[in-house]
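S.K.: Once you've had a glance at the structure underneath, I'll fire off some questions.
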Amino acid sequence: MKILVSDLDGTIYRNKTVSAIDLKMINDFASRNMFVIATGRNENTFSFFSQHYDLAYQYVILCNGALIQDKNQQTIIKHSFNKDDDLTNIFEILHLYSNQQISVSLSFEKGGLYLPKWQDGLFNQVKANLSYEMLGICLEIVDKDLKVVEDIYQQLLKNISFNIERNNQYIDILPKGVSKKNAIKELIARCHSKEDDLYVVGDSYNDLSMFEIDKHNFIIDKHNFIIDKGIESLNKKATYVVDSISDCLKIIDKK
């Protein structure tokens with residue numbers, strides 16, 4: 001049995017839809033193998049997607065690795081912020097950019113909290129939610145070029161110990177040790193599967209950790225795919241550059 005772990009937005013869900021050919025090929029693959037979705041979405045926003053598409057999958061990795069659920073929406077692995085985690089540095093950095101339009105979304109096992117605009121009491125609101133097993137903090141830098149996003153991302157990387165992921169105008173702040181890569185490793189161990197049978201596909205920077213999974217002390221070889229968006233820094237990280245997940249599945253089927 002082969003295992004394919006796929007990003008969702010920009011990989012499966014493209015141009016605000018899932019193409020008929022992609023849906024057919026994914027469901028055919030999932031009927032014979034293990035298909036896993038790995039996304040930055042939380043349970044609430046993923047459910048909104050899954051209710052609109054009859055997409056077969058065995059597991060979904062949510063919040064960039066903080067939560068893993070099976071196809072029946074039962075939680076099997078969860079990593080949340082500790083209620084004593086110090087978020088001070090995060091908000092000292094964000095305060096430097098308080099003149100930007102920044103929205104904040106907090107993710108929990110069930111649902112989330114959306115704070116559409118920067119406000120002075122934001123730090124206290126976020127801090128208070130640590131007691132409710134918060135899984136992730138998503139920042140959206142609205143209507144700004146990617147240089148502003150990159151500046152904030154680099155500042156966060158240098159100043160705090162939490163895991164930081166970036167995807168275009170979104171920046172995700174995750175509990176220590178949480179990533180799509182580590183979630184995949186946890187899932188493989190739980191399912192007693194072989195890393196040799198693992199394939200991964202994504203389209204953006206927050207998918208690159210999936211390409212770094214050790215396989216018998218070696219980086220995954222010839223098993224990673226990137227959806228071509230003309231970004232050379234992403235394309236060079238992948239073994240295969242493809243136009244769609246259908247193209248990815250055609251290559252996997254020949255293995």
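Going through the structure tokens in order, the chains are called A, B, and so on, while each chain numbers its residues from 1 and the ligands are numbered from 1 in the order shown.
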Go through stretch 26-50 of chain A and flag each residue having an atom no more than 12 Å from stretch 153-175 of chain A; for those, report the closest pair of atoms plus their distance in Å to one decimal, using only C-alpha atoms, ordered by chain and rising number, as a tab-separated table.
M.R.:
residue	atom	partner	partner_atom	distance
A:Thr39	CA	A:Asn167	CA	11.1
A:Gly40	CA	A:Asp172	CA	8.0
A:Arg41	CA	A:Asp172	CA	10.4
A:Asn42	CA	A:Asp172	CA	11.6
S.K.: What lies within 7 Å of stretch 128-132 of chain A using only C-alpha atoms, ignoring chain neighbours under 6 positions off, as a ChimeraX atom specification?
M.R.: /A:81-83
S.K.: What lies within 9 Å of A:Ile226 using only C-alpha atoms, ignoring chain neighbours under 6 positions off, as a list in words?
M.R.: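 With the cut-off at 9 Å, the set is Thr11, Val200, Val201, Gly202, Asp203, Ser204, Asp207, Leu234, Asn235, Lys237, Ala238, Thr239, Tyr240, Val241, Val242, Asp243, Ser244 and Cys248 of chain A.
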S.K.: Excluding stretch 19-34 of chain A and its own-chain neighbours fewer than 2 positions away, which residues fall within 7 Å of it when counting only C-alpha atoms? Please give them as a PDB file with all heavy atoms, in the first residue's frame.
M.R.:
ATOM      1  N   MET A   1       0.832  -1.199   0.000  1.00  0.00           N
ATOM      2  CA  MET A   1       0.000   0.000   0.000  1.00  0.00           C
ATOM      3  C   MET A   1       0.869   1.253   0.000  1.00  0.00           C
ATOM      4  O   MET A   1       1.799   1.374   0.786  1.00  0.00           O
ATOM      5  CB  MET A   1      -0.899   0.027   1.234  1.00  0.00           C
ATOM      6  CG  MET A   1      -1.844   1.221   1.274  1.00  0.00           C
ATOM      7  SD  MET A   1      -2.908   1.251   2.723  1.00  0.00           S
ATOM      8  CE  MET A   1      -1.692   1.531   4.018  1.00  0.00           C
ATOM      9  N   LYS A   2       0.563   2.180  -0.898  1.00  0.00           N
ATOM     10  CA  LYS A   2       1.266   3.453  -0.963  1.00  0.00           C
ATOM     11  C   LYS A   2       0.536   4.489  -0.113  1.00  0.00           C
ATOM     12  O   LYS A   2      -0.675   4.393   0.099  1.00  0.00           O
ATOM     13  CB  LYS A   2       1.361   3.930  -2.414  1.00  0.00           C
ATOM     14  CG  LYS A   2       2.158   2.985  -3.311  1.00  0.00           C
ATOM     15  CD  LYS A   2       2.052   3.375  -4.769  1.00  0.00           C
ATOM     16  CE  LYS A   2       2.802   2.384  -5.650  1.00  0.00           C
ATOM     17  NZ  LYS A   2       2.649   2.676  -7.089  1.00  0.00           N
ATOM     18  N   ILE A   3       1.289   5.469   0.347  1.00  0.00           N
ATOM     19  CA  ILE A   3       0.714   6.564   1.133  1.00  0.00           C
ATOM     20  C   ILE A   3       1.020   7.865   0.411  1.00  0.00           C
ATOM     21  O   ILE A   3       2.188   8.162   0.144  1.00  0.00           O
ATOM     22  CB  ILE A   3       1.312   6.621   2.548  1.00  0.00           C
ATOM     23  CG1 ILE A   3       1.155   5.293   3.267  1.00  0.00           C
ATOM     24  CG2 ILE A   3       0.666   7.744   3.354  1.00  0.00           C
ATOM     25  CD1 ILE A   3       1.962   5.206   4.555  1.00  0.00           C
ATOM     26  N   LEU A   4      -0.019   8.628   0.102  1.00  0.00           N
ATOM     27  CA  LEU A   4       0.173   9.965  -0.466  1.00  0.00           C
ATOM     28  C   LEU A   4      -0.371  10.983   0.524  1.00  0.00           C
ATOM     29  O   LEU A   4      -1.536  10.922   0.918  1.00  0.00           O
ATOM     30  CB  LEU A   4      -0.542  10.118  -1.808  1.00  0.00           C
ATOM     31  CG  LEU A   4      -0.514  11.531  -2.410  1.00  0.00           C
ATOM     32  CD1 LEU A   4       0.918  12.007  -2.655  1.00  0.00           C
ATOM     33  CD2 LEU A   4      -1.332  11.602  -3.701  1.00  0.00           C
ATOM     34  N   THR A  17     -12.035  25.515  -6.739  1.00  0.00           N
ATOM     35  CA  THR A  17     -12.756  24.280  -7.048  1.00  0.00           C
ATOM     36  C   THR A  17     -11.802  23.092  -6.999  1.00  0.00           C
ATOM     37  O   THR A  17     -10.582  23.258  -6.901  1.00  0.00           O
ATOM     38  CB  THR A  17     -13.410  24.370  -8.441  1.00  0.00           C
ATOM     39  OG1 THR A  17     -14.300  23.259  -8.604  1.00  0.00           O
ATOM     40  CG2 THR A  17     -12.370  24.353  -9.552  1.00  0.00           C
ATOM     41  N   VAL A  36      -3.924  10.963   2.538  1.00  0.00           N
ATOM     42  CA  VAL A  36      -3.951  11.843   3.702  1.00  0.00           C
ATOM     43  C   VAL A  36      -3.890  13.282   3.223  1.00  0.00           C
ATOM     44  O   VAL A  36      -3.076  13.624   2.362  1.00  0.00           O
ATOM     45  CB  VAL A  36      -2.758  11.561   4.645  1.00  0.00           C
ATOM     46  CG1 VAL A  36      -2.802  12.476   5.870  1.00  0.00           C
ATOM     47  CG2 VAL A  36      -2.731  10.095   5.063  1.00  0.00           C
ATOM     48  N   LEU A  55     -14.785  13.798  -1.336  1.00  0.00           N
ATOM     49  CA  LEU A  55     -13.377  13.455  -1.484  1.00  0.00           C
ATOM     50  C   LEU A  55     -13.010  12.358  -0.490  1.00  0.00           C
ATOM     51  O   LEU A  55     -13.198  12.513   0.725  1.00  0.00           O
ATOM     52  CB  LEU A  55     -12.521  14.703  -1.232  1.00  0.00           C
ATOM     53  CG  LEU A  55     -11.017  14.578  -1.433  1.00  0.00           C
ATOM     54  CD1 LEU A  55     -10.708  14.331  -2.915  1.00  0.00           C
ATOM     55  CD2 LEU A  55     -10.315  15.840  -0.961  1.00  0.00           C
ATOM     56  N   ALA A  56     -12.497  11.248  -0.999  1.00  0.00           N
ATOM     57  CA  ALA A  56     -12.123  10.125  -0.148  1.00  0.00           C
ATOM     58  C   ALA A  56     -10.752  10.379   0.488  1.00  0.00           C
ATOM     59  O   ALA A  56      -9.816  10.801  -0.184  1.00  0.00           O
ATOM     60  CB  ALA A  56     -12.098   8.837  -0.963  1.00  0.00           C
ATOM     61  N   TYR A  57     -10.653  10.128   1.773  1.00  0.00           N
ATOM     62  CA  TYR A  57      -9.379  10.205   2.477  1.00  0.00           C
ATOM     63  C   TYR A  57      -9.490   9.375   3.753  1.00  0.00           C
ATOM     64  O   TYR A  57     -10.588   9.123   4.258  1.00  0.00           O
ATOM     65  CB  TYR A  57      -9.010  11.653   2.804  1.00  0.00           C
ATOM     66  CG  TYR A  57      -9.956  12.339   3.772  1.00  0.00           C
ATOM     67  CD1 TYR A  57      -9.702  12.343   5.138  1.00  0.00           C
ATOM     68  CD2 TYR A  57     -11.116  12.971   3.321  1.00  0.00           C
ATOM     69  CE1 TYR A  57     -10.582  12.950   6.028  1.00  0.00           C
ATOM     70  CE2 TYR A  57     -11.997  13.580   4.200  1.00  0.00           C
ATOM     71  CZ  TYR A  57     -11.723  13.572   5.555  1.00  0.00           C
ATOM     72  OH  TYR A  57     -12.592  14.164   6.433  1.00  0.00           O
ATOM     73  N   GLN A  58      -8.342   8.941   4.262  1.00  0.00           N
ATOM     74  CA  GLN A  58      -8.340   8.170   5.503  1.00  0.00           C
ATOM     75  C   GLN A  58      -8.060   9.045   6.730  1.00  0.00           C
ATOM     76  O   GLN A  58      -8.632   8.834   7.791  1.00  0.00           O
ATOM     77  CB  GLN A  58      -7.293   7.046   5.430  1.00  0.00           C
ATOM     78  CG  GLN A  58      -7.718   5.840   4.599  1.00  0.00           C
ATOM     79  CD  GLN A  58      -7.617   6.096   3.103  1.00  0.00           C
ATOM     80  OE1 GLN A  58      -6.841   6.931   2.646  1.00  0.00           O
ATOM     81  NE2 GLN A  58      -8.410   5.376   2.322  1.00  0.00           N
ATOM     82  N   ILE A 245      -2.380  17.586  -9.221  1.00  0.00           N
ATOM     83  CA  ILE A 245      -2.263  16.362  -8.431  1.00  0.00           C
ATOM     84  C   ILE A 245      -2.554  15.139  -9.291  1.00  0.00           C
ATOM     85  O   ILE A 245      -2.051  14.043  -9.023  1.00  0.00           O
ATOM     86  CB  ILE A 245      -3.167  16.412  -7.183  1.00  0.00           C
ATOM     87  CG1 ILE A 245      -2.790  15.283  -6.217  1.00  0.00           C
ATOM     88  CG2 ILE A 245      -4.637  16.368  -7.553  1.00  0.00           C
ATOM     89  CD1 ILE A 245      -3.421  15.404  -4.855  1.00  0.00           C
ATOM     90  N   SER A 246      -3.318  15.307 -10.365  1.00  0.00           N
ATOM     91  CA  SER A 246      -3.543  14.201 -11.296  1.00  0.00           C
ATOM     92  C   SER A 246      -2.225  13.747 -11.920  1.00  0.00           C
ATOM     93  O   SER A 246      -1.959  12.541 -12.045  1.00  0.00           O
ATOM     94  CB  SER A 246      -4.520  14.608 -12.399  1.00  0.00           C
ATOM     95  OG  SER A 246      -5.785  14.907 -11.881  1.00  0.00           O
TER      96      SER A 246
END
S.K.: Could you give me, as a VMD selection string, each residue of stretch 38-233 of chain A that DSSP assigns to helix (DSSP H, G or I) when run on this structure's backbone?
M.R.: chain A and resid 43 to 50 63 to 65 88 to 95 122 to 132 146 to 159 180 to 191 195 to 197 205 to 212 232 to 233
S.K.: Select from stretch 113-246 of chain A everything DSSP, run on the backbone, classes as strand (DSSP E or B), then give the selection as a PyMOL selection string.
M.R.: chain A and resi 113-115+136-141+163-167+170-174+198-202+214-215+218-219+224-227+240-242
S.K.: Write the selection just made, keeping N, CA, C and O atoms, as a tab-separated table (two decimals), in the first residue's frame?
M.R.:
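Okay, part-v7.tsv is ready:
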chain	number	residue	atom	x	y	z
A	113	LEU	N	-11.67	31.12	16.57
A	113	LEU	CA	-12.05	32.49	16.92
A	113	LEU	C	-11.36	33.43	15.96
A	113	LEU	O	-10.13	33.37	15.80
A	114	TYR	N	-12.12	34.29	15.29
A	114	TYR	CA	-11.58	35.20	14.29
A	114	TYR	C	-11.61	36.63	14.84
A	114	TYR	O	-12.65	37.13	15.25
A	115	LEU	N	-10.44	37.27	14.85
A	115	LEU	CA	-10.29	38.65	15.31
A	115	LEU	C	-9.87	39.47	14.09
A	115	LEU	O	-8.70	39.44	13.70
A	136	GLY	N	-3.37	26.76	17.31
A	136	GLY	CA	-2.59	27.57	16.37
A	136	GLY	C	-3.06	29.00	16.33
A	136	GLY	O	-4.21	29.31	16.68
A	137	ILE	N	-2.15	29.89	15.92
A	137	ILE	CA	-2.44	31.31	15.72
A	137	ILE	C	-2.11	31.63	14.27
A	137	ILE	O	-0.97	31.44	13.84
A	138	CYS	N	-3.09	32.07	13.51
A	138	CYS	CA	-2.87	32.41	12.11
A	138	CYS	C	-2.98	33.91	11.92
A	138	CYS	O	-3.99	34.51	12.28
A	139	LEU	N	-1.94	34.51	11.36
A	139	LEU	CA	-1.93	35.93	11.05
A	139	LEU	C	-2.18	36.10	9.55
A	139	LEU	O	-1.56	35.41	8.73
A	140	GLU	N	-3.07	37.00	9.21
A	140	GLU	CA	-3.25	37.37	7.80
A	140	GLU	C	-2.89	38.83	7.64
A	140	GLU	O	-3.50	39.70	8.26
A	141	ILE	N	-1.86	39.09	6.84
A	141	ILE	CA	-1.46	40.47	6.56
A	141	ILE	C	-2.20	40.88	5.29
A	141	ILE	O	-1.89	40.44	4.19
A	163	ASN	N	7.08	27.14	16.51
A	163	ASN	CA	7.26	26.85	15.09
A	163	ASN	C	6.48	27.87	14.25
A	163	ASN	O	5.32	28.17	14.54
A	164	ILE	N	7.13	28.40	13.21
A	164	ILE	CA	6.54	29.43	12.36
A	164	ILE	C	6.48	28.91	10.92
A	164	ILE	O	7.47	28.41	10.39
A	165	GLU	N	5.29	28.99	10.30
A	165	GLU	CA	5.12	28.60	8.91
A	165	GLU	C	4.54	29.78	8.14
A	165	GLU	O	3.74	30.56	8.67
A	166	ARG	N	4.93	29.88	6.87
A	166	ARG	CA	4.42	30.98	6.05
A	166	ARG	C	3.84	30.47	4.75
A	166	ARG	O	4.37	29.55	4.13
A	167	ASN	N	2.72	31.06	4.33
A	167	ASN	CA	2.09	30.73	3.06
A	167	ASN	C	1.49	32.00	2.48
A	167	ASN	O	0.44	32.45	2.91
A	170	TYR	N	-0.22	34.67	4.69
A	170	TYR	CA	-0.55	34.06	5.97
A	170	TYR	C	0.71	33.61	6.71
A	170	TYR	O	1.64	33.07	6.10
A	171	ILE	N	0.73	33.81	8.02
A	171	ILE	CA	1.80	33.31	8.88
A	171	ILE	C	1.15	32.53	10.00
A	171	ILE	O	0.26	33.04	10.70
A	172	ASP	N	1.57	31.29	10.19
A	172	ASP	CA	1.02	30.44	11.25
A	172	ASP	C	2.04	30.31	12.37
A	172	ASP	O	3.21	30.00	12.13
A	173	ILE	N	1.59	30.50	13.59
A	173	ILE	CA	2.39	30.31	14.79
A	173	ILE	C	1.86	29.05	15.47
A	173	ILE	O	0.67	28.97	15.81
A	174	LEU	N	2.72	28.06	15.64
A	174	LEU	CA	2.31	26.73	16.10
A	174	LEU	C	3.03	26.35	17.39
A	174	LEU	O	4.11	26.87	17.68
A	198	LEU	N	5.95	6.28	1.20
A	198	LEU	CA	5.38	7.61	1.39
A	198	LEU	C	5.71	8.55	0.23
A	198	LEU	O	6.86	8.66	-0.20
A	199	TYR	N	4.68	9.25	-0.24
A	199	TYR	CA	4.81	10.29	-1.25
A	199	TYR	C	4.15	11.55	-0.70
A	199	TYR	O	3.13	11.47	0.01
A	200	VAL	N	4.71	12.71	-1.01
A	200	VAL	CA	4.12	13.97	-0.54
A	200	VAL	C	4.03	14.96	-1.69
A	200	VAL	O	4.88	14.98	-2.58
A	201	VAL	N	2.97	15.79	-1.65
A	201	VAL	CA	2.78	16.80	-2.70
A	201	VAL	C	2.24	18.07	-2.06
A	201	VAL	O	1.39	18.03	-1.17
A	202	GLY	N	2.77	19.21	-2.50
A	202	GLY	CA	2.32	20.51	-2.00
A	202	GLY	C	2.56	21.58	-3.03
A	202	GLY	O	2.96	21.30	-4.16
A	214	ASP	N	12.98	12.05	7.32
A	214	ASP	CA	14.06	11.07	7.22
A	214	ASP	C	13.49	9.70	6.88
A	214	ASP	O	12.47	9.29	7.40
A	215	LYS	N	14.19	9.00	6.02
A	215	LYS	CA	13.81	7.63	5.69
A	215	LYS	C	15.07	6.79	5.87
A	215	LYS	O	15.97	6.80	5.04
A	218	PHE	N	17.93	9.01	5.76
A	218	PHE	CA	18.12	9.73	4.50
A	218	PHE	C	16.88	10.57	4.23
A	218	PHE	O	15.76	10.22	4.61
A	219	ILE	N	17.05	11.72	3.56
A	219	ILE	CA	15.91	12.50	3.14
A	219	ILE	C	15.13	11.71	2.09
A	219	ILE	O	15.70	10.96	1.30
A	224	ASN	N	8.86	13.25	-3.69
A	224	ASN	CA	8.18	14.52	-3.39
A	224	ASN	C	7.85	15.30	-4.67
A	224	ASN	O	8.60	15.29	-5.63
A	225	PHE	N	6.70	15.97	-4.61
A	225	PHE	CA	6.15	16.67	-5.77
A	225	PHE	C	5.76	18.09	-5.37
A	225	PHE	O	5.29	18.32	-4.26
A	226	ILE	N	5.95	19.03	-6.29
A	226	ILE	CA	5.49	20.40	-6.09
A	226	ILE	C	4.60	20.80	-7.26
A	226	ILE	O	4.89	20.46	-8.42
A	227	ILE	N	3.48	21.47	-6.97
A	227	ILE	CA	2.62	22.01	-8.02
A	227	ILE	C	3.29	23.26	-8.58
A	227	ILE	O	3.63	24.18	-7.83
A	240	TYR	N	9.89	16.11	-8.39
A	240	TYR	CA	9.02	16.27	-9.55
A	240	TYR	C	8.28	17.60	-9.46
A	240	TYR	O	7.72	17.93	-8.40
A	241	VAL	N	8.24	18.32	-10.54
A	241	VAL	CA	7.42	19.53	-10.65
A	241	VAL	C	6.27	19.18	-11.60
A	241	VAL	O	6.50	18.79	-12.75
A	242	VAL	N	5.02	19.29	-11.10
A	242	VAL	CA	3.86	18.85	-11.86
A	242	VAL	C	2.84	19.98	-11.95
A	242	VAL	O	2.87	20.93	-11.17
S.K.: Considering only C-alpha atoms, tabulate each residue of stretch 48-158 of chain A that lies at most 9 Å from stretch 187-194 of chain A along with its nearest interatomic pair and the corresponding distance in Å to one decimal; arrange the rows by chain and ascending residue number and present them as CSV.
M.R.:
residue,atom,partner,partner_atom,distance
A:Tyr59,CA,A:Leu187,CA,8.8
A:Ile68,CA,A:Leu187,CA,8.1
A:Ile77,CA,A:Leu187,CA,8.4
S.K.: Just write the chosen residues, N, CA and C atoms, as a tab-separated table (two decimals), in the first residue's frame.
M.R.:
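Once everything was written out, this is part06.tsv:
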chain	number	residue	atom	x	y	z
A	59	TYR	N	-7.18	10.04	6.56
A	59	TYR	CA	-6.83	10.94	7.66
A	59	TYR	C	-6.67	12.35	7.13
A	68	ILE	N	-4.69	15.80	14.17
A	68	ILE	CA	-4.92	14.75	13.18
A	68	ILE	C	-6.24	14.08	13.50
A	77	ILE	N	-4.67	12.47	17.27
A	77	ILE	CA	-3.47	13.13	17.78
A	77	ILE	C	-3.74	14.62	17.89
S.K.: What does the distance from atom CA of A:Leu135 to atom CA of A:Asp70 come to in Å, to one decimal?
M.R.: 17.4 Å
S.K.: Considering only C-alpha atoms, state which residue in the set A:Asp228, A:Glu133, A:Asp253, A:Asp247 is at the smallest distance from A:Gly10.
M.R.: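 Ranking A:Asp228, A:Glu133, A:Asp253, A:Asp247 by distance to A:Gly10, first place goes to A:Asp228.
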S.K.: Atom CA of A:Ala66 to atom CA of A:Pro116: how many Å, to one decimal?
M.R.: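 Atom CA of A:Ala66 sits 22.6 Å away from atom CA of A:Pro116.
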S.K.: Nearest to A:Ile76: which of A:Thr45, A:Glu109, A:Gly230, A:Ser98 is it, counting only C-alpha atoms?
M.R.: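 Counting only C-alpha atoms, the residue closest to A:Ile76 is A:Glu109.
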S.K.: Ranking A:Ile93, A:Val5, A:Val60, A:Leu249 by minimum distance to A:Asn72 and counting only C-alpha atoms, which one comes first?
M.R.: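 Between A:Ile93, A:Val5, A:Val60, A:Leu249, the residue approaching A:Asn72 most closely is A:Val60.
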S.K.: Could you tell me which of A:Leu122, A:Ile213, A:Leu67, A:Ile90 comes closest to A:Ser105 if we count only C-alpha atoms?
M.R.: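 For A:Ser105, the nearest of the given residues is A:Leu122.
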S.K.: Could you please determine the separation between atom CA of A:Met210 and atom CA of A:Ser179 in Å, to one decimal place?
M.R.: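 Rounded to one decimal, the two atoms are 8.4 Å apart.
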